[in-house]
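Q: Data: entry.cif, mmCIF, C-alpha atoms.
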```cif
data_query
loop_
_atom_site.label_atom_id
_atom_site.label_comp_id
_atom_site.auth_asym_id
_atom_site.auth_seq_id
_atom_site.Cartn_x
_atom_site.Cartn_y
_atom_site.Cartn_z
CA MET A 1 3.76 -8.31 -8.08
CA THR A 2 6.42 -9.78 -5.83
CA ASN A 3 7.96 -13.18 -6.39
CA GLN A 4 8.56 -13.68 -2.65
CA ALA A 5 6.66 -16.59 -1.08
CA ILE A 6 4.35 -17.04 -4.06
CA SER A 7 2.68 -20.43 -4.36
CA PRO A 8 2.80 -22.28 -7.69
CA LEU A 9 -0.97 -21.76 -8.03
CA ARG A 10 -0.75 -18.01 -7.55
CA GLN A 11 2.25 -17.83 -9.87
CA ARG A 12 0.27 -19.62 -12.56
CA MET A 13 -2.63 -17.19 -12.18
CA ILE A 14 -0.24 -14.24 -12.43
CA GLU A 15 1.27 -15.72 -15.58
CA ASP A 16 -2.21 -16.26 -17.05
CA MET A 17 -3.00 -12.60 -16.46
CA ALA A 18 0.35 -11.47 -17.84
CA ILE A 19 -0.27 -13.45 -21.03
CA ARG A 20 -3.49 -11.49 -21.48
CA LYS A 21 -1.68 -8.21 -20.67
CA PHE A 22 -3.80 -7.35 -17.63
CA ALA A 23 -2.79 -4.07 -16.01
CA PRO A 24 -0.71 -4.40 -12.81
CA LYS A 25 -3.57 -3.02 -10.69
CA THR A 26 -6.00 -5.54 -12.20
CA GLN A 27 -3.57 -8.36 -11.46
CA HIS A 28 -3.18 -7.18 -7.87
CA ASP A 29 -6.94 -6.90 -7.38
CA TYR A 30 -7.64 -10.34 -8.88
CA VAL A 31 -5.02 -11.99 -6.66
CA GLN A 32 -6.46 -10.25 -3.61
CA ARG A 33 -10.00 -11.38 -4.38
CA VAL A 34 -8.88 -15.00 -4.78
CA LYS A 35 -6.92 -14.67 -1.55
CA ASP A 36 -10.11 -13.51 0.20
CA PHE A 37 -11.85 -16.61 -1.12
CA ALA A 38 -9.04 -18.84 0.17
CA VAL A 39 -9.23 -17.24 3.61
CA PHE A 40 -12.96 -17.93 3.67
CA LEU A 41 -12.37 -21.56 2.66
CA GLY A 42 -9.54 -22.13 5.08
CA ARG A 43 -7.73 -24.17 2.45
CA ALA A 44 -6.31 -23.92 -1.08
CA PRO A 45 -8.82 -22.33 -3.50
CA ASP A 46 -8.20 -25.00 -6.16
CA THR A 47 -10.02 -27.48 -3.88
CA ALA A 48 -13.25 -25.47 -3.95
CA THR A 49 -16.60 -27.05 -4.74
CA SER A 50 -19.83 -25.58 -6.04
CA GLU A 51 -21.16 -25.40 -2.49
CA ASP A 52 -18.04 -23.50 -1.42
CA VAL A 53 -18.64 -20.92 -4.14
CA ARG A 54 -22.28 -20.57 -3.13
CA GLY A 55 -21.29 -20.26 0.52
CA PHE A 56 -18.84 -17.49 -0.32
CA ARG A 57 -21.51 -15.54 -2.17
CA LEU A 58 -23.77 -15.87 0.89
CA HIS A 59 -20.88 -14.72 3.05
CA LEU A 60 -20.40 -11.57 0.97
CA ALA A 61 -24.11 -10.82 1.23
CA SER A 62 -24.12 -11.36 5.00
CA ILE A 63 -21.27 -8.89 5.60
CA GLY A 64 -23.03 -6.25 3.52
CA ALA A 65 -20.59 -6.18 0.60
CA HIS A 66 -21.68 -3.66 -2.01
CA ALA A 67 -22.09 -4.27 -5.74
CA PRO A 68 -18.61 -3.01 -6.76
CA LYS A 69 -16.83 -5.42 -4.42
CA ILE A 70 -19.10 -8.33 -5.33
CA ASN A 71 -18.65 -7.73 -9.06
CA ALA A 72 -14.87 -7.40 -8.68
CA THR A 73 -14.85 -10.70 -6.81
CA VAL A 74 -16.99 -12.37 -9.46
CA SER A 75 -14.65 -11.21 -12.23
CA ALA A 76 -11.57 -12.46 -10.37
CA LEU A 77 -13.04 -15.85 -9.46
CA ARG A 78 -14.44 -16.38 -12.94
CA PHE A 79 -10.97 -15.86 -14.36
CA PHE A 80 -9.39 -18.08 -11.72
CA PHE A 81 -11.83 -20.97 -12.22
CA THR A 82 -12.13 -20.73 -16.00
CA VAL A 83 -8.56 -19.91 -17.04
CA THR A 84 -6.16 -20.90 -14.27
CA LEU A 85 -7.96 -24.01 -13.00
CA ASP A 86 -9.79 -24.91 -16.21
CA ARG A 87 -12.90 -25.63 -14.16
CA PRO A 88 -15.58 -23.53 -15.88
CA GLU A 89 -18.36 -25.44 -14.12
CA LEU A 90 -17.58 -23.46 -10.95
CA ALA A 91 -17.78 -20.11 -12.74
CA LYS A 92 -21.39 -20.65 -13.76
CA HIS A 93 -22.41 -20.18 -10.15
CA LEU A 94 -21.04 -16.65 -10.17
CA SER A 95 -23.26 -13.86 -11.47
CA PHE A 96 -22.77 -10.12 -11.48
CA MET A 97 -24.84 -7.87 -9.27
CA HIS A 98 -26.80 -5.02 -10.81
CA GLU A 99 -25.52 -1.60 -9.75
CA PRO A 100 -28.28 1.00 -9.51
CA ARG A 101 -27.65 4.05 -11.67
CA LYS A 102 -27.83 7.41 -9.95
CA VAL A 103 -28.26 10.83 -11.50
CA PRO A 104 -24.91 12.64 -11.23
CA VAL A 105 -24.57 15.93 -9.40
CA VAL A 106 -24.30 18.73 -11.98
CA LEU A 107 -22.88 22.00 -10.73
CA SER A 108 -24.06 25.36 -12.03
CA PRO A 109 -21.52 27.67 -13.74
CA GLU A 110 -21.42 29.77 -10.56
CA GLU A 111 -20.74 26.71 -8.38
CA VAL A 112 -17.98 25.54 -10.74
CA ALA A 113 -16.35 28.97 -10.53
CA ARG A 114 -16.47 28.90 -6.72
CA PHE A 115 -15.07 25.38 -6.72
CA LEU A 116 -12.11 26.30 -8.93
CA GLU A 117 -11.39 29.50 -7.01
CA ALA A 118 -11.05 27.37 -3.83
CA ALA A 119 -7.96 25.69 -5.31
CA PRO A 120 -4.88 26.55 -3.17
CA SER A 121 -2.68 27.57 -6.12
CA VAL A 122 -2.61 28.18 -9.87
CA LYS A 123 -1.19 24.68 -10.34
CA TYR A 124 -4.20 22.98 -8.76
CA LYS A 125 -6.66 25.37 -10.34
CA ALA A 126 -5.18 24.52 -13.73
CA ALA A 127 -5.21 20.77 -13.04
CA LEU A 128 -8.82 20.82 -11.85
CA SER A 129 -9.84 23.03 -14.76
CA VAL A 130 -8.31 20.50 -17.17
CA ALA A 131 -10.22 17.70 -15.47
CA TYR A 132 -13.51 19.59 -15.52
CA GLY A 133 -13.19 21.46 -18.79
CA ALA A 134 -11.70 18.65 -20.88
CA GLY A 135 -13.37 15.72 -19.12
CA LEU A 136 -10.17 14.00 -17.96
CA ARG A 137 -9.75 11.55 -15.11
CA VAL A 138 -7.37 12.18 -12.21
CA SER A 139 -4.93 9.57 -13.46
CA GLU A 140 -5.00 11.20 -16.90
CA VAL A 141 -4.44 14.72 -15.58
CA VAL A 142 -1.38 13.83 -13.49
CA ALA A 143 0.10 11.92 -16.43
CA LEU A 144 -0.04 14.93 -18.77
CA LYS A 145 3.15 16.28 -20.26
CA VAL A 146 3.82 19.81 -21.45
CA SER A 147 4.18 18.35 -24.95
CA ASP A 148 0.58 17.09 -24.79
CA ILE A 149 -0.83 20.59 -25.33
CA ASP A 150 -1.53 21.48 -28.95
CA SER A 151 -2.53 25.15 -29.06
CA LYS A 152 -2.66 25.23 -32.86
CA ARG A 153 -5.37 22.60 -33.05
CA MET A 154 -6.71 23.50 -29.56
CA MET A 155 -6.49 19.93 -28.34
CA LEU A 156 -5.06 17.90 -25.45
CA ARG A 157 -3.45 14.54 -26.12
CA VAL A 158 -4.30 11.87 -23.54
CA GLU A 159 -1.93 8.92 -23.67
CA GLN A 160 -3.06 5.51 -22.47
CA GLY A 161 -6.20 6.71 -20.70
CA LYS A 162 -9.10 4.49 -19.72
CA GLY A 163 -8.81 1.14 -21.45
CA ARG A 164 -5.16 1.98 -22.18
CA LYS A 165 -6.20 3.96 -25.25
CA ASP A 166 -4.86 7.25 -26.61
CA ARG A 167 -7.36 10.00 -27.38
CA HIS A 168 -7.69 13.76 -27.85
CA ALA A 169 -9.76 16.19 -25.80
CA MET A 170 -10.89 19.67 -26.76
CA LEU A 171 -8.94 22.63 -25.36
CA SER A 172 -10.86 25.87 -24.83
CA PRO A 173 -9.21 29.30 -25.18
CA VAL A 174 -9.91 30.04 -21.49
CA LEU A 175 -8.27 26.78 -20.41
CA LEU A 176 -5.29 27.41 -22.67
CA GLU A 177 -4.72 30.83 -21.06
CA LEU A 178 -4.91 29.26 -17.59
CA LEU A 179 -2.35 26.63 -18.58
CA ARG A 180 -0.10 29.38 -19.92
CA ASP A 181 -0.41 31.21 -16.60
CA TRP A 182 0.65 28.04 -14.80
CA TYR A 183 3.56 27.57 -17.21
CA ARG A 184 4.82 31.12 -16.58
CA ILE A 185 4.75 30.53 -12.83
CA GLY A 186 5.82 26.90 -12.48
CA ARG A 187 7.99 26.42 -15.58
CA PRO A 188 7.24 22.67 -15.58
CA GLN A 189 9.72 20.51 -17.48
CA GLY A 190 8.32 17.32 -18.97
CA TRP A 191 5.32 16.64 -16.72
CA LEU A 192 2.70 19.37 -16.84
CA PHE A 193 1.85 19.00 -13.14
CA PRO A 194 5.03 17.66 -11.50
CA GLY A 195 5.00 16.38 -7.93
CA LEU A 196 7.62 16.74 -5.24
CA LYS A 197 10.22 15.14 -7.50
CA PRO A 198 10.85 17.30 -10.61
CA ALA A 199 11.26 14.22 -12.83
CA SER A 200 8.03 12.50 -11.76
CA PRO A 201 4.35 13.33 -12.22
CA ASP A 202 2.25 14.49 -9.32
CA ASP A 203 1.56 11.13 -7.67
CA THR A 204 -0.70 12.64 -5.04
CA PRO A 205 -4.19 13.18 -6.53
CA THR A 206 -4.98 16.87 -6.72
CA HIS A 207 -8.38 16.35 -5.14
CA ALA A 208 -6.79 14.78 -2.06
CA ARG A 209 -4.91 18.02 -1.33
CA LEU A 210 -7.77 20.48 -1.67
CA PRO A 211 -9.50 21.85 1.43
CA ARG A 212 -13.16 21.10 1.81
CA CYS A 213 -15.36 23.99 0.76
CA GLY A 214 -18.94 23.18 1.61
CA PRO A 215 -20.81 21.27 -1.10
CA TYR A 216 -18.01 22.10 -3.54
CA GLY A 217 -15.27 20.15 -1.76
CA ARG A 218 -13.72 16.76 -2.44
CA ASP A 219 -17.02 15.01 -3.06
CA HIS A 220 -17.36 16.70 -6.43
CA GLN A 221 -13.80 16.70 -7.69
CA ALA A 222 -12.12 14.87 -10.53
CA GLY A 223 -9.07 14.79 -12.55
CA ASP A 224 -5.79 14.44 -14.67
CA ALA A 225 -4.20 14.95 -18.29
CA ALA A 226 -1.86 16.63 -21.09
CA HIS A 227 -0.34 17.09 -24.78
CA LEU A 228 2.24 19.03 -27.10
CA ALA A 229 3.25 22.55 -26.00
CA PRO A 230 6.23 24.52 -27.19
CA GLN A 231 3.51 27.14 -27.58
CA LEU A 232 3.33 27.40 -23.79
CA ARG A 233 6.94 28.52 -23.76
CA ASN A 234 5.96 31.60 -25.79
CA PRO A 235 2.74 32.82 -24.16
CA PRO A 236 1.04 35.83 -25.64
CA ALA A 237 1.87 39.19 -24.13
#
```
The structure given in the file should be rewritten as structure tokens.

A:
Amino acid sequence: MTNQAISPLRQRMIEDMAIRKFAPKTQHDYVQRVKDFAVFLGRAPDTATSEDVRGFRLHLASIGAHAPKINATVSALRFFFTVTLDRPELAKHLSFMHEPRKVPVVLSPEEVARFLEAAPSVKYKAALSVAYGAGLRVSEVVALKVSDIDSKRMMLRVEQGKGRKDRHAMLSPVLLELLRDWYRIGRPQGWLFPGLKPASPDDTPTHARLPRCGPYGRDHQAGDAAHLAPQLRNPPA
């Protein structure tokens, strides 16, 4: 968040979110959603009425906003009205939209193998294999450190993953050997999958760099993670 040209109302909302330790991205998204509401109103959002809130919901429906955007807006405005403005009567007019559940695409073992072989290098094959084999998110994979690999217990340590919680993921023997191959080649220091800067993690999502490969391209990619690994420095012969 920048302090440049911030209104007292926005500053108060930011402080309210900081008190509750909202993540920076959440704070940014909430401010943006309230800003959208203010643009729709054409005036300060703290002057809104119940009819204004209803009109904004109709506006979102008319422009074809999907459930994720509507629900993100509802969350932001509920916080703004209830916490920052202390006007909970406006929040009661905001309800979440049901998101239809879809059956996920499940690749066969052969399709997974083809997908991983399409990776442009051992680094990306290892990163995608961690995401697929250990069930890690992209943000978790890129945040992995060499020290997050525990070959003795065959586990990966994921620090501050979803919900800002630490957890462990299972490490298979095949995945461990692939990570050792990557370590022999790349000799990463600190971050397991470093980016252009040696001291920083790979800030470009792996899936964004992969070429499309039919039905096994970007549409079915995921990925990021890591834990303790002096053991990688002494790979088996």

Q: Just the residues within 12 Å of A:Glu99, please, counting only C-alpha atoms, with nothing from its chain fewer than 3 positions along; format it as a VMD selection string.

A: chain A and resid 66 to 71 96 102

Q: Please indicate the distance in Å from atom CA of A:Phe56 to atom CA of A:His28, rounded to one decimal place.

A: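 Computing it gives 20.2 Å between the two atoms.
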
Q: Determine the residue set returned by the PyMOL selection byres ((chain A and resi 26) around 12) for the present structure, and present it as an NGL selection string.

A: :A and (1 or 14 or 17-18 or 20-25 or 27-33 or 72-73 or 75-76 or 79 or 163)

Q: What separation in Å, quoted to one decimal, exists between atom CA of A:Val138 and atom CA of A:Lys152?

A: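 Taking atom CA of A:Val138 and atom CA of A:Lys152, their separation equals 24.9 Å.
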
Q: Mind pulling up the distance from atom CA of A:Glu110 to atom CA of A:Val158?

A: 28.0 Å

Q: With stretch 167-172 of chain A as the partner and 12 Å as the cut-off, tabulate the residues of stretch 124-145 of chain A that qualify, each row holding the nearest pair of atoms and their distance in Å to one decimal, using only C-alpha atoms, sorted by chain and rising number, as JSON lines.

A:
```
{"residue": "A:Ser129", "atom": "CA", "partner": "A:Ser172", "partner_atom": "CA", "distance": 10.5}
{"residue": "A:Val130", "atom": "CA", "partner": "A:Leu171", "partner_atom": "CA", "distance": 8.5}
{"residue": "A:Ala131", "atom": "CA", "partner": "A:Ala169", "partner_atom": "CA", "distance": 10.4}
{"residue": "A:Tyr132", "atom": "CA", "partner": "A:Leu171", "partner_atom": "CA", "distance": 11.3}
{"residue": "A:Gly133", "atom": "CA", "partner": "A:Ser172", "partner_atom": "CA", "distance": 7.8}
{"residue": "A:Ala134", "atom": "CA", "partner": "A:Ala169", "partner_atom": "CA", "distance": 5.8}
{"residue": "A:Gly135", "atom": "CA", "partner": "A:Ala169", "partner_atom": "CA", "distance": 7.6}
{"residue": "A:Leu136", "atom": "CA", "partner": "A:Ala169", "partner_atom": "CA", "distance": 8.2}
{"residue": "A:Arg137", "atom": "CA", "partner": "A:Ala169", "partner_atom": "CA", "distance": 11.7}
{"residue": "A:Glu140", "atom": "CA", "partner": "A:Arg167", "partner_atom": "CA", "distance": 10.8}
{"residue": "A:Val141", "atom": "CA", "partner": "A:Ala169", "partner_atom": "CA", "distance": 11.6}
{"residue": "A:Leu144", "atom": "CA", "partner": "A:His168", "partner_atom": "CA", "distance": 11.9}
```

Q: Please work out which residues fall within 10 Å of (-19.4, -16.1, -0.6), coordinates as given in the file, with all atoms listed in the file counting, and return them as a VMD selection string.

A: chain A and resid 36 to 37 40 to 41 51 to 63 70 73 to 74 94

Q: Would you output that residue set with C-alpha atoms, as a compact mmCIF listing (two decimals), keeping the file's coordinate frame?

A:
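Now in result-v1.txt:
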```
# COMPACT_ATOMS: atom_id res chain seq x y z
CA ASP A 36 -10.11 -13.51 0.20
CA PHE A 37 -11.85 -16.61 -1.12
CA PHE A 40 -12.96 -17.93 3.67
CA LEU A 41 -12.37 -21.56 2.66
CA GLU A 51 -21.16 -25.40 -2.49
CA ASP A 52 -18.04 -23.50 -1.42
CA VAL A 53 -18.64 -20.92 -4.14
CA ARG A 54 -22.28 -20.57 -3.13
CA GLY A 55 -21.29 -20.26 0.52
CA PHE A 56 -18.84 -17.49 -0.32
CA ARG A 57 -21.51 -15.54 -2.17
CA LEU A 58 -23.77 -15.87 0.89
CA HIS A 59 -20.88 -14.72 3.05
CA LEU A 60 -20.40 -11.57 0.97
CA ALA A 61 -24.11 -10.82 1.23
CA SER A 62 -24.12 -11.36 5.00
CA ILE A 63 -21.27 -8.89 5.60
CA ILE A 70 -19.10 -8.33 -5.33
CA THR A 73 -14.85 -10.70 -6.81
CA VAL A 74 -16.99 -12.37 -9.46
CA LEU A 94 -21.04 -16.65 -10.17
```

Q: Could I get stretch 171-182 of chain A from the block written out with all heavy atoms, as a compact mmCIF listing (two decimals), in the first residue's frame?

A:
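Final file, result.txt:
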```txt
# COMPACT_ATOMS: atom_id res chain seq x y z
N LEU A 171 7.10 -36.79 0.31
CA LEU A 171 8.12 -36.75 -0.74
C LEU A 171 8.38 -38.17 -1.20
O LEU A 171 8.83 -39.02 -0.43
CB LEU A 171 9.41 -36.13 -0.19
CG LEU A 171 10.62 -36.07 -1.11
CD1 LEU A 171 10.33 -35.20 -2.33
CD2 LEU A 171 11.84 -35.54 -0.36
N SER A 172 8.09 -38.46 -2.47
CA SER A 172 8.29 -39.81 -2.98
C SER A 172 9.74 -40.02 -3.38
O SER A 172 10.47 -39.06 -3.67
CB SER A 172 7.39 -40.04 -4.21
OG SER A 172 7.87 -39.30 -5.31
N PRO A 173 10.20 -41.26 -3.41
CA PRO A 173 11.59 -41.55 -3.83
C PRO A 173 11.88 -41.03 -5.24
O PRO A 173 12.98 -40.53 -5.50
CB PRO A 173 11.66 -43.07 -3.76
CG PRO A 173 10.63 -43.46 -2.73
CD PRO A 173 9.51 -42.49 -2.93
N VAL A 174 10.92 -41.17 -6.15
CA VAL A 174 11.12 -40.71 -7.53
C VAL A 174 11.30 -39.19 -7.56
O VAL A 174 12.18 -38.67 -8.25
CB VAL A 174 9.93 -41.12 -8.42
CG1 VAL A 174 10.06 -40.49 -9.81
CG2 VAL A 174 9.83 -42.63 -8.53
N LEU A 175 10.46 -38.48 -6.79
CA LEU A 175 10.57 -37.03 -6.75
C LEU A 175 11.88 -36.60 -6.10
O LEU A 175 12.52 -35.63 -6.54
CB LEU A 175 9.38 -36.45 -5.98
CG LEU A 175 9.32 -34.92 -5.88
CD1 LEU A 175 9.39 -34.27 -7.26
CD2 LEU A 175 8.03 -34.49 -5.16
N LEU A 176 12.31 -37.30 -5.08
CA LEU A 176 13.57 -36.97 -4.43
C LEU A 176 14.74 -37.10 -5.41
O LEU A 176 15.63 -36.23 -5.46
CB LEU A 176 13.80 -37.88 -3.22
CG LEU A 176 15.14 -37.70 -2.49
CD1 LEU A 176 15.28 -36.28 -1.94
CD2 LEU A 176 15.28 -38.73 -1.36
N GLU A 177 14.74 -38.17 -6.22
CA GLU A 177 15.81 -38.35 -7.20
C GLU A 177 15.80 -37.23 -8.24
O GLU A 177 16.86 -36.76 -8.69
CB GLU A 177 15.68 -39.71 -7.88
CG GLU A 177 16.07 -40.88 -6.98
CD GLU A 177 17.48 -40.70 -6.41
OE1 GLU A 177 18.41 -40.42 -7.19
OE2 GLU A 177 17.64 -40.83 -5.18
N LEU A 178 14.60 -36.79 -8.64
CA LEU A 178 14.50 -35.70 -9.61
C LEU A 178 15.04 -34.40 -9.02
O LEU A 178 15.75 -33.64 -9.69
CB LEU A 178 13.04 -35.53 -10.05
CG LEU A 178 12.77 -34.42 -11.08
CD1 LEU A 178 13.62 -34.63 -12.33
CD2 LEU A 178 11.28 -34.39 -11.44
N LEU A 179 14.72 -34.15 -7.75
CA LEU A 179 15.23 -32.96 -7.09
C LEU A 179 16.75 -33.02 -6.94
O LEU A 179 17.44 -31.99 -7.05
CB LEU A 179 14.58 -32.79 -5.72
CG LEU A 179 13.09 -32.42 -5.73
CD1 LEU A 179 12.52 -32.45 -4.31
CD2 LEU A 179 12.88 -31.04 -6.36
N ARG A 180 17.29 -34.20 -6.72
CA ARG A 180 18.74 -34.36 -6.64
C ARG A 180 19.39 -34.09 -8.00
O ARG A 180 20.46 -33.48 -8.08
CB ARG A 180 19.08 -35.75 -6.12
CG ARG A 180 18.89 -35.89 -4.61
CD ARG A 180 19.10 -37.30 -4.13
NE ARG A 180 19.15 -37.33 -2.66
CZ ARG A 180 19.08 -38.44 -1.94
NH1 ARG A 180 18.93 -39.61 -2.54
NH2 ARG A 180 19.13 -38.38 -0.62
N ASP A 181 18.72 -34.54 -9.07
CA ASP A 181 19.23 -34.26 -10.42
C ASP A 181 19.29 -32.75 -10.64
O ASP A 181 20.27 -32.23 -11.18
CB ASP A 181 18.33 -34.90 -11.48
CG ASP A 181 18.48 -36.42 -11.53
OD1 ASP A 181 19.49 -36.94 -11.00
OD2 ASP A 181 17.57 -37.08 -12.09
N TRP A 182 18.22 -32.06 -10.25
CA TRP A 182 18.19 -30.60 -10.41
C TRP A 182 19.28 -29.95 -9.56
O TRP A 182 19.94 -29.00 -10.01
CB TRP A 182 16.82 -30.05 -10.04
CG TRP A 182 16.82 -28.59 -9.68
CD1 TRP A 182 16.37 -28.02 -8.54
CD2 TRP A 182 17.30 -27.51 -10.49
NE1 TRP A 182 16.56 -26.66 -8.54
CE2 TRP A 182 17.14 -26.32 -9.74
CE3 TRP A 182 17.90 -27.43 -11.74
CZ2 TRP A 182 17.52 -25.07 -10.21
CZ3 TRP A 182 18.28 -26.18 -12.23
CH2 TRP A 182 18.09 -25.02 -11.47
```
